[in-house]
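Participant: Once you've had a glance at the structure underneath, I'll fire off some questions.
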Amino acid sequence: MAYRRPRGTRDYLPEECEERRAVLEGLREVFELYGYGEVVTPAFEHLELLVAKAGEEVKEQIYWFEDKAGRKLGLRFELTTPIARIVAERPTLPKPIRFYYIQPVWRYEEPQRGRLREFWQAGVELIGVKEVWGDAEVVALLVNALRRVGLSSFKVHVNDRRVAEGLLSWAGIPRHALGDALRAVDKLERRGAEYVRERLRELGAEPGKIEQLMDILTRSELAELAEMDLGSEAREGVKSLEQLMEELEEGYGLADYIKVDLSVVRGLDYYTSLVYEVKVSGAEGLGSVAGGGRYDDLIELVGGPPLPATGMAIGVERLVEALRAQGALSRGRGRRGVIVIPVNAQYRRDAIRVAEELRRRGVSAVVELTGRRLSTALEAADKRGFRYAVIVGGREVESGLLTVRDLEKWKEERAPLSSVASMAAQ
RNA sequence: GCCCCGGUGGUGUAGCCCGGUCCAACACGCCGGCCUGUGGAGCCGGAGAACCCGGGUUCAAAUCCCGGCCGGGGCCCCA
């Protein structure tokens with residue numbers, strides 16, 4: 001075999017495309033029901049922009065190159081930054097802005113289960129609403145989009161960075177180690193409590209407080225936090241988490257899908273307060289199916305006006321995988337379409353005319369072009385999953401009545417083209 | 001970048017541990033014949049792999065050893 005596809009990429013054949021398209025259309029439908037408008041951005045951006053918020057280390061994950069004029073460009077690895085750029089470039093767009101996108105992104109990583117080098121993200125950004133009800137709208141939209149495409153037994157694990165940082169500071173972690181400590185906490189679920197405990201100790205947590213911290217992280221009770229002295233930032237965070245839960249319950253009736261989880265942190269550095277990830281039970285190995293949060297500084301950072309923003313992104317391939325694991329994909333929708341088979345080469349043009357007429361009437365029709373004998377052609381048509389075979393030969397041409405074989409019932413009848421069309425249209 | 005596992009026709013596998021009987025087998029798929037207007041079948045036939053590449057051991061290697069490449073999974077990070 002001469003060539004194979006590049007590492008970490010995938011091909012989609014018609015059957016899989018159909019599966020994917022159904023999912024994508026469901027997501028799009030919900031995005032639009034909430035009044036979000038689609039945006040399409042270039043596959044590549046100036047490298048500087050991509051690196052701006054994420055830091056140099058993310059550069060390792062960017063496919064980047066110099067163009068012929070020596071400009072440094074990079075393939076986008078998420079959509080939030082390109083959208084921030086759009087907004088920064090057009091400061092007069094009426095606020096609030098509601099954008100959605102369904103596009104591929106690229107990351108240079110080692111591929112494995114649930115991790116590709118090219119994958120699609122479907123997400124939304126709500127720009128210009130600083131209050132927690134903006135976050136609530138986005139989270140509700142996320143939950144309803146996932147429900148719409150048939151996902152079940154999932155929860156949005158929400159947290160607030162300010163709370164996580166407040167807790168860690170309270171436990172004695174010095175400021176410069178906060179990043180590492182957050183990453184350690186993030187691994188609570190994957191690596192277990194013992195690992196986190198050990199890491200926190202190494203990073204300077206007071207031994208006396210570690211146990212209490214672990215306890216709080218595990219139970220994630222907001223009420224307890226409210227009574228602790230975590231500093232004003234964290235207090236704000238706790239308050240807004242409480243408000244978010246209330247908003248989602250009272251406004252959207254979605255409290256069952258949300259869970260406070262103080263161990264959720266997320267890597268991208270631009271999140272300023274709320275962060276969340278969607279976890280699907282039964283598909284844990286996939287990683288999170290979707291994630292998001294609030295990024296109030298990013299647009300200003302890329303040269304725009306200060307604008308609060310909140311958004312989320314769904315990993316399309318992971319979502320499809322999770323749906324597959326749940327048996328929720330509508331695969332193989334049964335027999336479809338018509339194949340028109342000329343009885344022999346002499347009737348090929350007649351068959352083509354019949355097919356064209358069917359197509360004019362909105363019926364998907366294929367002409368048997370191989371010249372294989374009728375019985376073989378019928379057998380092949382059956383295997384390929386056609387619903388009807390229309391046989392065209394001398395008898396049909398003379399009488400004007402087509403021979404139609406229902407490949408599902410394996411029954412045959414004579415009928416005029418118009419009724420073949422209406423049969424097949426159903 | 002690191003760690004683990006793997007690499008036999010288009011696909012999935014058998015064979016590898018216990019070298020020769022393997023010019024590599026089976027199933028599915030593909031093409032055709034039986035069948036010149038109709039057998040969702042069956043039977044028959046055909047195309048398609050020098051067993052990832054290179055080196056080594058041996059009288060002899062798909063089978064053992066080393067290196068490389070590629071793929072999958074894990075770490076990390078994330079969707």
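Quick note on naming: the chains in the structure tokens go A, B, ... in the order shown, residues restart at 1 in each chain, and ligands are numbered from 1 in order of appearance.
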Would you give me, as a list in words, the residues of chain B that come within 9 Å of chain A, using only C-alpha atoms (C1' of nucleotides)?
Facilitator: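 For chain B, the answer reads C35, U36, G37, U38, G39, G40, G71, G72, G73, G74, C77, C78 and A79 of chain B.
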Participant: Show me, as a PyMOL selection string, the residues that have an atom within 12 Å of stretch 237-253 of chain A when counting only C-alpha atoms (C1' of nucleotides), minus same-chain residues fewer than 3 positions from it.
Facilitator: chain A and resi 130-144+156-167+220-234+256-262+272-276+294
Participant: To one decimal place in Å, what is the distance between atom CA of A:Ala145 and atom CA of A:Ala22?
Facilitator: 12.5 Å
Participant: Report, in Å to a single decimal, how far apart atom C1' of B:U63 and atom C1' of B:U13 are.
Facilitator: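 Taking atom C1' of B:U13 as the start and atom C1' of B:U63 as the end point, the length is 16.9 Å.
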Participant: Output as a PDB file with all heavy atoms, in the first residue's frame all residues of stretch 346-397 of chain A that backbone DSSP marks as alpha helix (DSSP H).
Facilitator:
ATOM      1  N   ARG A 348     -30.104   0.529 -22.123  1.00  0.00           N
ATOM      2  CA  ARG A 348     -29.411   1.399 -21.176  1.00  0.00           C
ATOM      3  C   ARG A 348     -29.977   2.811 -21.195  1.00  0.00           C
ATOM      4  O   ARG A 348     -30.260   3.395 -20.162  1.00  0.00           O
ATOM      5  CB  ARG A 348     -27.919   1.436 -21.483  1.00  0.00           C
ATOM      6  CG  ARG A 348     -27.110   2.106 -20.362  1.00  0.00           C
ATOM      7  CD  ARG A 348     -25.663   2.356 -20.751  1.00  0.00           C
ATOM      8  NE  ARG A 348     -25.598   3.331 -21.827  1.00  0.00           N
ATOM      9  CZ  ARG A 348     -25.161   3.062 -23.044  1.00  0.00           C
ATOM     10  NH1 ARG A 348     -24.750   1.845 -23.351  1.00  0.00           N
ATOM     11  NH2 ARG A 348     -25.151   4.002 -23.980  1.00  0.00           N
ATOM     12  N   ARG A 349     -30.186   3.347 -22.389  1.00  0.00           N
ATOM     13  CA  ARG A 349     -30.675   4.726 -22.465  1.00  0.00           C
ATOM     14  C   ARG A 349     -32.078   4.859 -21.916  1.00  0.00           C
ATOM     15  O   ARG A 349     -32.425   5.861 -21.304  1.00  0.00           O
ATOM     16  CB  ARG A 349     -30.647   5.212 -23.913  1.00  0.00           C
ATOM     17  CG  ARG A 349     -29.223   5.245 -24.432  1.00  0.00           C
ATOM     18  CD  ARG A 349     -28.921   6.533 -25.137  1.00  0.00           C
ATOM     19  NE  ARG A 349     -27.500   6.556 -25.436  1.00  0.00           N
ATOM     20  CZ  ARG A 349     -26.996   6.588 -26.662  1.00  0.00           C
ATOM     21  NH1 ARG A 349     -27.804   6.639 -27.714  1.00  0.00           N
ATOM     22  NH2 ARG A 349     -25.700   6.598 -26.839  1.00  0.00           N
ATOM     23  N   ASP A 350     -32.882   3.834 -22.137  1.00  0.00           N
ATOM     24  CA  ASP A 350     -34.227   3.869 -21.567  1.00  0.00           C
ATOM     25  C   ASP A 350     -34.138   3.902 -20.042  1.00  0.00           C
ATOM     26  O   ASP A 350     -34.875   4.622 -19.377  1.00  0.00           O
ATOM     27  CB  ASP A 350     -35.024   2.651 -22.022  1.00  0.00           C
ATOM     28  CG  ASP A 350     -35.215   2.641 -23.537  1.00  0.00           C
ATOM     29  OD1 ASP A 350     -35.956   3.521 -24.019  1.00  0.00           O
ATOM     30  OD2 ASP A 350     -34.584   1.803 -24.207  1.00  0.00           O
ATOM     31  N   ALA A 351     -33.210   3.115 -19.514  1.00  0.00           N
ATOM     32  CA  ALA A 351     -33.033   3.088 -18.063  1.00  0.00           C
ATOM     33  C   ALA A 351     -32.591   4.456 -17.555  1.00  0.00           C
ATOM     34  O   ALA A 351     -33.072   4.946 -16.531  1.00  0.00           O
ATOM     35  CB  ALA A 351     -32.015   2.019 -17.681  1.00  0.00           C
ATOM     36  N   ILE A 352     -31.673   5.065 -18.285  1.00  0.00           N
ATOM     37  CA  ILE A 352     -31.189   6.388 -17.880  1.00  0.00           C
ATOM     38  C   ILE A 352     -32.340   7.388 -17.870  1.00  0.00           C
ATOM     39  O   ILE A 352     -32.491   8.181 -16.936  1.00  0.00           O
ATOM     40  CB  ILE A 352     -30.059   6.857 -18.820  1.00  0.00           C
ATOM     41  CG1 ILE A 352     -28.796   6.021 -18.540  1.00  0.00           C
ATOM     42  CG2 ILE A 352     -29.775   8.346 -18.654  1.00  0.00           C
ATOM     43  CD1 ILE A 352     -27.683   6.221 -19.542  1.00  0.00           C
ATOM     44  N   ARG A 353     -33.197   7.319 -18.908  1.00  0.00           N
ATOM     45  CA  ARG A 353     -34.317   8.259 -18.960  1.00  0.00           C
ATOM     46  C   ARG A 353     -35.264   8.061 -17.785  1.00  0.00           C
ATOM     47  O   ARG A 353     -35.755   9.009 -17.200  1.00  0.00           O
ATOM     48  CB  ARG A 353     -35.089   8.106 -20.274  1.00  0.00           C
ATOM     49  CG  ARG A 353     -34.358   8.753 -21.434  1.00  0.00           C
ATOM     50  CD  ARG A 353     -35.225   8.774 -22.680  1.00  0.00           C
ATOM     51  NE  ARG A 353     -34.377   8.605 -23.851  1.00  0.00           N
ATOM     52  CZ  ARG A 353     -34.339   7.508 -24.610  1.00  0.00           C
ATOM     53  NH1 ARG A 353     -35.145   6.490 -24.365  1.00  0.00           N
ATOM     54  NH2 ARG A 353     -33.506   7.443 -25.617  1.00  0.00           N
ATOM     55  N   VAL A 354     -35.493   6.812 -17.442  1.00  0.00           N
ATOM     56  CA  VAL A 354     -36.363   6.522 -16.294  1.00  0.00           C
ATOM     57  C   VAL A 354     -35.745   7.112 -15.019  1.00  0.00           C
ATOM     58  O   VAL A 354     -36.413   7.770 -14.222  1.00  0.00           O
ATOM     59  CB  VAL A 354     -36.566   5.001 -16.133  1.00  0.00           C
ATOM     60  CG1 VAL A 354     -37.197   4.681 -14.787  1.00  0.00           C
ATOM     61  CG2 VAL A 354     -37.428   4.475 -17.275  1.00  0.00           C
ATOM     62  N   ALA A 355     -34.444   6.887 -14.858  1.00  0.00           N
ATOM     63  CA  ALA A 355     -33.772   7.386 -13.654  1.00  0.00           C
ATOM     64  C   ALA A 355     -33.836   8.911 -13.602  1.00  0.00           C
ATOM     65  O   ALA A 355     -34.112   9.498 -12.542  1.00  0.00           O
ATOM     66  CB  ALA A 355     -32.327   6.908 -13.631  1.00  0.00           C
ATOM     67  N   GLU A 356     -33.604   9.561 -14.727  1.00  0.00           N
ATOM     68  CA  GLU A 356     -33.659  11.014 -14.751  1.00  0.00           C
ATOM     69  C   GLU A 356     -35.036  11.528 -14.368  1.00  0.00           C
ATOM     70  O   GLU A 356     -35.166  12.513 -13.642  1.00  0.00           O
ATOM     71  CB  GLU A 356     -33.276  11.542 -16.143  1.00  0.00           C
ATOM     72  CG  GLU A 356     -31.778  11.551 -16.397  1.00  0.00           C
ATOM     73  CD  GLU A 356     -31.046  12.567 -15.538  1.00  0.00           C
ATOM     74  OE1 GLU A 356     -31.008  13.751 -15.914  1.00  0.00           O
ATOM     75  OE2 GLU A 356     -30.538  12.178 -14.476  1.00  0.00           O
ATOM     76  N   GLU A 357     -36.038  10.852 -14.844  1.00  0.00           N
ATOM     77  CA  GLU A 357     -37.393  11.274 -14.523  1.00  0.00           C
ATOM     78  C   GLU A 357     -37.676  11.091 -13.023  1.00  0.00           C
ATOM     79  O   GLU A 357     -38.287  11.940 -12.382  1.00  0.00           O
ATOM     80  CB  GLU A 357     -38.411  10.492 -15.366  1.00  0.00           C
ATOM     81  CG  GLU A 357     -39.861  10.948 -15.204  1.00  0.00           C
ATOM     82  CD  GLU A 357     -40.060  12.456 -15.438  1.00  0.00           C
ATOM     83  OE1 GLU A 357     -39.358  13.041 -16.295  1.00  0.00           O
ATOM     84  OE2 GLU A 357     -40.920  13.051 -14.748  1.00  0.00           O
ATOM     85  N   LEU A 358     -37.189  10.005 -12.480  1.00  0.00           N
ATOM     86  CA  LEU A 358     -37.352   9.789 -11.029  1.00  0.00           C
ATOM     87  C   LEU A 358     -36.648  10.890 -10.249  1.00  0.00           C
ATOM     88  O   LEU A 358     -37.171  11.431  -9.276  1.00  0.00           O
ATOM     89  CB  LEU A 358     -36.799   8.422 -10.628  1.00  0.00           C
ATOM     90  CG  LEU A 358     -37.648   7.220 -11.066  1.00  0.00           C
ATOM     91  CD1 LEU A 358     -36.883   5.914 -10.853  1.00  0.00           C
ATOM     92  CD2 LEU A 358     -38.975   7.186 -10.301  1.00  0.00           C
ATOM     93  N   ARG A 359     -35.453  11.224 -10.697  1.00  0.00           N
ATOM     94  CA  ARG A 359     -34.683  12.274  -9.997  1.00  0.00           C
ATOM     95  C   ARG A 359     -35.410  13.612 -10.074  1.00  0.00           C
ATOM     96  O   ARG A 359     -35.446  14.354  -9.100  1.00  0.00           O
ATOM     97  CB  ARG A 359     -33.289  12.395 -10.619  1.00  0.00           C
ATOM     98  CG  ARG A 359     -32.434  11.156 -10.379  1.00  0.00           C
ATOM     99  CD  ARG A 359     -31.228  11.115 -11.283  1.00  0.00           C
ATOM    100  NE  ARG A 359     -30.480   9.861 -11.116  1.00  0.00           N
ATOM    101  CZ  ARG A 359     -29.771   9.295 -12.075  1.00  0.00           C
ATOM    102  NH1 ARG A 359     -29.667   9.847 -13.274  1.00  0.00           N
ATOM    103  NH2 ARG A 359     -29.133   8.169 -11.841  1.00  0.00           N
ATOM    104  N   ARG A 360     -35.993  13.899 -11.241  1.00  0.00           N
ATOM    105  CA  ARG A 360     -36.744  15.141 -11.361  1.00  0.00           C
ATOM    106  C   ARG A 360     -37.861  15.190 -10.339  1.00  0.00           C
ATOM    107  O   ARG A 360     -38.286  16.249  -9.910  1.00  0.00           O
ATOM    108  CB  ARG A 360     -37.349  15.269 -12.764  1.00  0.00           C
ATOM    109  CG  ARG A 360     -36.470  16.063 -13.717  1.00  0.00           C
ATOM    110  CD  ARG A 360     -37.211  16.401 -15.000  1.00  0.00           C
ATOM    111  NE  ARG A 360     -37.354  15.243 -15.877  1.00  0.00           N
ATOM    112  CZ  ARG A 360     -36.400  14.797 -16.701  1.00  0.00           C
ATOM    113  NH1 ARG A 360     -35.240  15.401 -16.740  1.00  0.00           N
ATOM    114  NH2 ARG A 360     -36.606  13.742 -17.462  1.00  0.00           N
ATOM    115  N   LEU A 374     -29.213  -9.720 -15.392  1.00  0.00           N
ATOM    116  CA  LEU A 374     -30.275  -9.234 -14.514  1.00  0.00           C
ATOM    117  C   LEU A 374     -30.252  -9.883 -13.137  1.00  0.00           C
ATOM    118  O   LEU A 374     -30.361  -9.204 -12.116  1.00  0.00           O
ATOM    119  CB  LEU A 374     -31.633  -9.473 -15.186  1.00  0.00           C
ATOM    120  CG  LEU A 374     -32.854  -8.985 -14.425  1.00  0.00           C
ATOM    121  CD1 LEU A 374     -32.725  -7.522 -14.056  1.00  0.00           C
ATOM    122  CD2 LEU A 374     -34.119  -9.200 -15.266  1.00  0.00           C
ATOM    123  N   SER A 375     -30.101 -11.189 -13.087  1.00  0.00           N
ATOM    124  CA  SER A 375     -30.152 -11.847 -11.774  1.00  0.00           C
ATOM    125  C   SER A 375     -29.006 -11.382 -10.889  1.00  0.00           C
ATOM    126  O   SER A 375     -29.175 -11.131  -9.696  1.00  0.00           O
ATOM    127  CB  SER A 375     -30.116 -13.357 -11.943  1.00  0.00           C
ATOM    128  OG  SER A 375     -28.938 -13.743 -12.598  1.00  0.00           O
ATOM    129  N   THR A 376     -27.844 -11.263 -11.476  1.00  0.00           N
ATOM    130  CA  THR A 376     -26.682 -10.793 -10.718  1.00  0.00           C
ATOM    131  C   THR A 376     -26.902  -9.356 -10.245  1.00  0.00           C
ATOM    132  O   THR A 376     -26.573  -9.003  -9.114  1.00  0.00           O
ATOM    133  CB  THR A 376     -25.429 -10.845 -11.603  1.00  0.00           C
ATOM    134  OG1 THR A 376     -25.384 -12.127 -12.241  1.00  0.00           O
ATOM    135  CG2 THR A 376     -24.186 -10.636 -10.798  1.00  0.00           C
ATOM    136  N   ALA A 377     -27.454  -8.568 -11.133  1.00  0.00           N
ATOM    137  CA  ALA A 377     -27.686  -7.164 -10.793  1.00  0.00           C
ATOM    138  C   ALA A 377     -28.691  -7.044  -9.648  1.00  0.00           C
ATOM    139  O   ALA A 377     -28.537  -6.219  -8.748  1.00  0.00           O
ATOM    140  CB  ALA A 377     -28.179  -6.398 -12.014  1.00  0.00           C
ATOM    141  N   LEU A 378     -29.712  -7.870  -9.676  1.00  0.00           N
ATOM    142  CA  LEU A 378     -30.702  -7.831  -8.598  1.00  0.00           C
ATOM    143  C   LEU A 378     -30.073  -8.242  -7.273  1.00  0.00           C
ATOM    144  O   LEU A 378     -30.349  -7.652  -6.224  1.00  0.00           O
ATOM    145  CB  LEU A 378     -31.875  -8.761  -8.926  1.00  0.00           C
ATOM    146  CG  LEU A 378     -32.879  -8.207  -9.938  1.00  0.00           C
ATOM    147  CD1 LEU A 378     -33.841  -9.297 -10.384  1.00  0.00           C
ATOM    148  CD2 LEU A 378     -33.646  -7.026  -9.344  1.00  0.00           C
ATOM    149  N   GLU A 379     -29.233  -9.234  -7.351  1.00  0.00           N
ATOM    150  CA  GLU A 379     -28.573  -9.692  -6.138  1.00  0.00           C
ATOM    151  C   GLU A 379     -27.686  -8.581  -5.565  1.00  0.00           C
ATOM    152  O   GLU A 379     -27.680  -8.326  -4.361  1.00  0.00           O
ATOM    153  CB  GLU A 379     -27.734 -10.912  -6.482  1.00  0.00           C
ATOM    154  CG  GLU A 379     -27.679 -11.945  -5.387  1.00  0.00           C
ATOM    155  CD  GLU A 379     -26.958 -13.195  -5.873  1.00  0.00           C
ATOM    156  OE1 GLU A 379     -27.389 -13.738  -6.909  1.00  0.00           O
ATOM    157  OE2 GLU A 379     -25.982 -13.588  -5.220  1.00  0.00           O
ATOM    158  N   ALA A 380     -26.941  -7.939  -6.453  1.00  0.00           N
ATOM    159  CA  ALA A 380     -26.057  -6.856  -6.020  1.00  0.00           C
ATOM    160  C   ALA A 380     -26.879  -5.701  -5.444  1.00  0.00           C
ATOM    161  O   ALA A 380     -26.515  -5.104  -4.422  1.00  0.00           O
ATOM    162  CB  ALA A 380     -25.216  -6.370  -7.193  1.00  0.00           C
ATOM    163  N   ALA A 381     -28.004  -5.404  -6.089  1.00  0.00           N
ATOM    164  CA  ALA A 381     -28.860  -4.309  -5.634  1.00  0.00           C
ATOM    165  C   ALA A 381     -29.396  -4.614  -4.238  1.00  0.00           C
ATOM    166  O   ALA A 381     -29.499  -3.738  -3.378  1.00  0.00           O
ATOM    167  CB  ALA A 381     -30.017  -4.114  -6.609  1.00  0.00           C
ATOM    168  N   ASP A 382     -29.702  -5.845  -4.019  1.00  0.00           N
ATOM    169  CA  ASP A 382     -30.189  -6.273  -2.710  1.00  0.00           C
ATOM    170  C   ASP A 382     -29.109  -6.058  -1.657  1.00  0.00           C
ATOM    171  O   ASP A 382     -29.351  -5.481  -0.602  1.00  0.00           O
ATOM    172  CB  ASP A 382     -30.573  -7.746  -2.809  1.00  0.00           C
ATOM    173  CG  ASP A 382     -30.962  -8.311  -1.459  1.00  0.00           C
ATOM    174  OD1 ASP A 382     -31.805  -7.687  -0.784  1.00  0.00           O
ATOM    175  OD2 ASP A 382     -30.420  -9.351  -1.064  1.00  0.00           O
ATOM    176  N   LYS A 383     -27.899  -6.483  -1.976  1.00  0.00           N
ATOM    177  CA  LYS A 383     -26.803  -6.325  -1.022  1.00  0.00           C
ATOM    178  C   LYS A 383     -26.512  -4.869  -0.724  1.00  0.00           C
ATOM    179  O   LYS A 383     -26.166  -4.510   0.400  1.00  0.00           O
ATOM    180  CB  LYS A 383     -25.539  -6.970  -1.577  1.00  0.00           C
ATOM    181  CG  LYS A 383     -25.409  -8.429  -1.220  1.00  0.00           C
ATOM    182  CD  LYS A 383     -24.039  -8.933  -1.581  1.00  0.00           C
ATOM    183  CE  LYS A 383     -24.020 -10.451  -1.608  1.00  0.00           C
ATOM    184  NZ  LYS A 383     -22.880 -10.975  -2.350  1.00  0.00           N
ATOM    185  N   ARG A 384     -26.611  -4.050  -1.738  1.00  0.00           N
ATOM    186  CA  ARG A 384     -26.296  -2.637  -1.560  1.00  0.00           C
ATOM    187  C   ARG A 384     -27.372  -1.889  -0.793  1.00  0.00           C
ATOM    188  O   ARG A 384     -27.194  -0.744  -0.412  1.00  0.00           O
ATOM    189  CB  ARG A 384     -26.090  -1.975  -2.919  1.00  0.00           C
ATOM    190  CG  ARG A 384     -24.774  -2.339  -3.562  1.00  0.00           C
ATOM    191  CD  ARG A 384     -23.640  -1.538  -2.944  1.00  0.00           C
ATOM    192  NE  ARG A 384     -23.893  -0.117  -3.080  1.00  0.00           N
ATOM    193  CZ  ARG A 384     -23.624   0.585  -4.166  1.00  0.00           C
ATOM    194  NH1 ARG A 384     -23.094   0.001  -5.219  1.00  0.00           N
ATOM    195  NH2 ARG A 384     -23.877   1.876  -4.206  1.00  0.00           N
ATOM    196  N   GLY A 394     -37.832  -4.470 -23.118  1.00  0.00           N
ATOM    197  CA  GLY A 394     -38.779  -4.311 -24.216  1.00  0.00           C
ATOM    198  C   GLY A 394     -40.217  -4.201 -23.748  1.00  0.00           C
ATOM    199  O   GLY A 394     -40.974  -3.329 -24.190  1.00  0.00           O
ATOM    200  N   ARG A 395     -40.593  -5.047 -22.823  1.00  0.00           N
ATOM    201  CA  ARG A 395     -41.974  -5.061 -22.348  1.00  0.00           C
ATOM    202  C   ARG A 395     -42.357  -3.722 -21.743  1.00  0.00           C
ATOM    203  O   ARG A 395     -43.440  -3.189 -21.964  1.00  0.00           O
ATOM    204  CB  ARG A 395     -42.156  -6.156 -21.289  1.00  0.00           C
ATOM    205  CG  ARG A 395     -41.797  -7.551 -21.808  1.00  0.00           C
ATOM    206  CD  ARG A 395     -42.571  -8.615 -21.063  1.00  0.00           C
ATOM    207  NE  ARG A 395     -41.971  -9.000 -19.795  1.00  0.00           N
ATOM    208  CZ  ARG A 395     -41.074  -9.988 -19.683  1.00  0.00           C
ATOM    209  NH1 ARG A 395     -40.654 -10.637 -20.747  1.00  0.00           N
ATOM    210  NH2 ARG A 395     -40.603 -10.306 -18.513  1.00  0.00           N
ATOM    211  N   GLU A 396     -41.427  -3.165 -20.954  1.00  0.00           N
ATOM    212  CA  GLU A 396     -41.713  -1.904 -20.285  1.00  0.00           C
ATOM    213  C   GLU A 396     -41.795  -0.762 -21.287  1.00  0.00           C
ATOM    214  O   GLU A 396     -42.666   0.100 -21.191  1.00  0.00           O
ATOM    215  CB  GLU A 396     -40.635  -1.604 -19.231  1.00  0.00           C
ATOM    216  CG  GLU A 396     -40.702  -2.490 -18.002  1.00  0.00           C
ATOM    217  CD  GLU A 396     -40.206  -3.904 -18.258  1.00  0.00           C
ATOM    218  OE1 GLU A 396     -39.554  -4.141 -19.294  1.00  0.00           O
ATOM    219  OE2 GLU A 396     -40.485  -4.788 -17.417  1.00  0.00           O
ATOM    220  N   VAL A 397     -40.847  -0.764 -22.222  1.00  0.00           N
ATOM    221  CA  VAL A 397     -40.816   0.324 -23.191  1.00  0.00           C
ATOM    222  C   VAL A 397     -42.095   0.311 -24.026  1.00  0.00           C
ATOM    223  O   VAL A 397     -42.691   1.352 -24.291  1.00  0.00           O
ATOM    224  CB  VAL A 397     -39.561   0.217 -24.080  1.00  0.00           C
ATOM    225  CG1 VAL A 397     -39.637   1.200 -25.245  1.00  0.00           C
ATOM    226  CG2 VAL A 397     -38.299   0.476 -23.251  1.00  0.00           C
TER     227      VAL A 397
END
Participant: Can you pull out the residues contacting B:C44? Cut-off 12 Å, using only C-alpha atoms (C1' of nucleotides), and skip same-chain residues under 2 positions away; I want them as number ranges by chain.
Facilitator: B: 32-34, 42, 46
Participant: Using only C-alpha atoms (C1' of nucleotides), which residues sit within 7 Å of A:Ser364 once same-chain residues fewer than 2 positions away are excluded, as a list in words?
Facilitator: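 Answer for this query is Gly337, Val338, Arg359 and Gly362 of chain A.
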Participant: Go ahead and compute the interatomic distance for atom CA of A:Glu29 and atom CA of A:Gly292, in Å to one decimal.
Facilitator: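 Those two atoms sit 19.7 Å apart.
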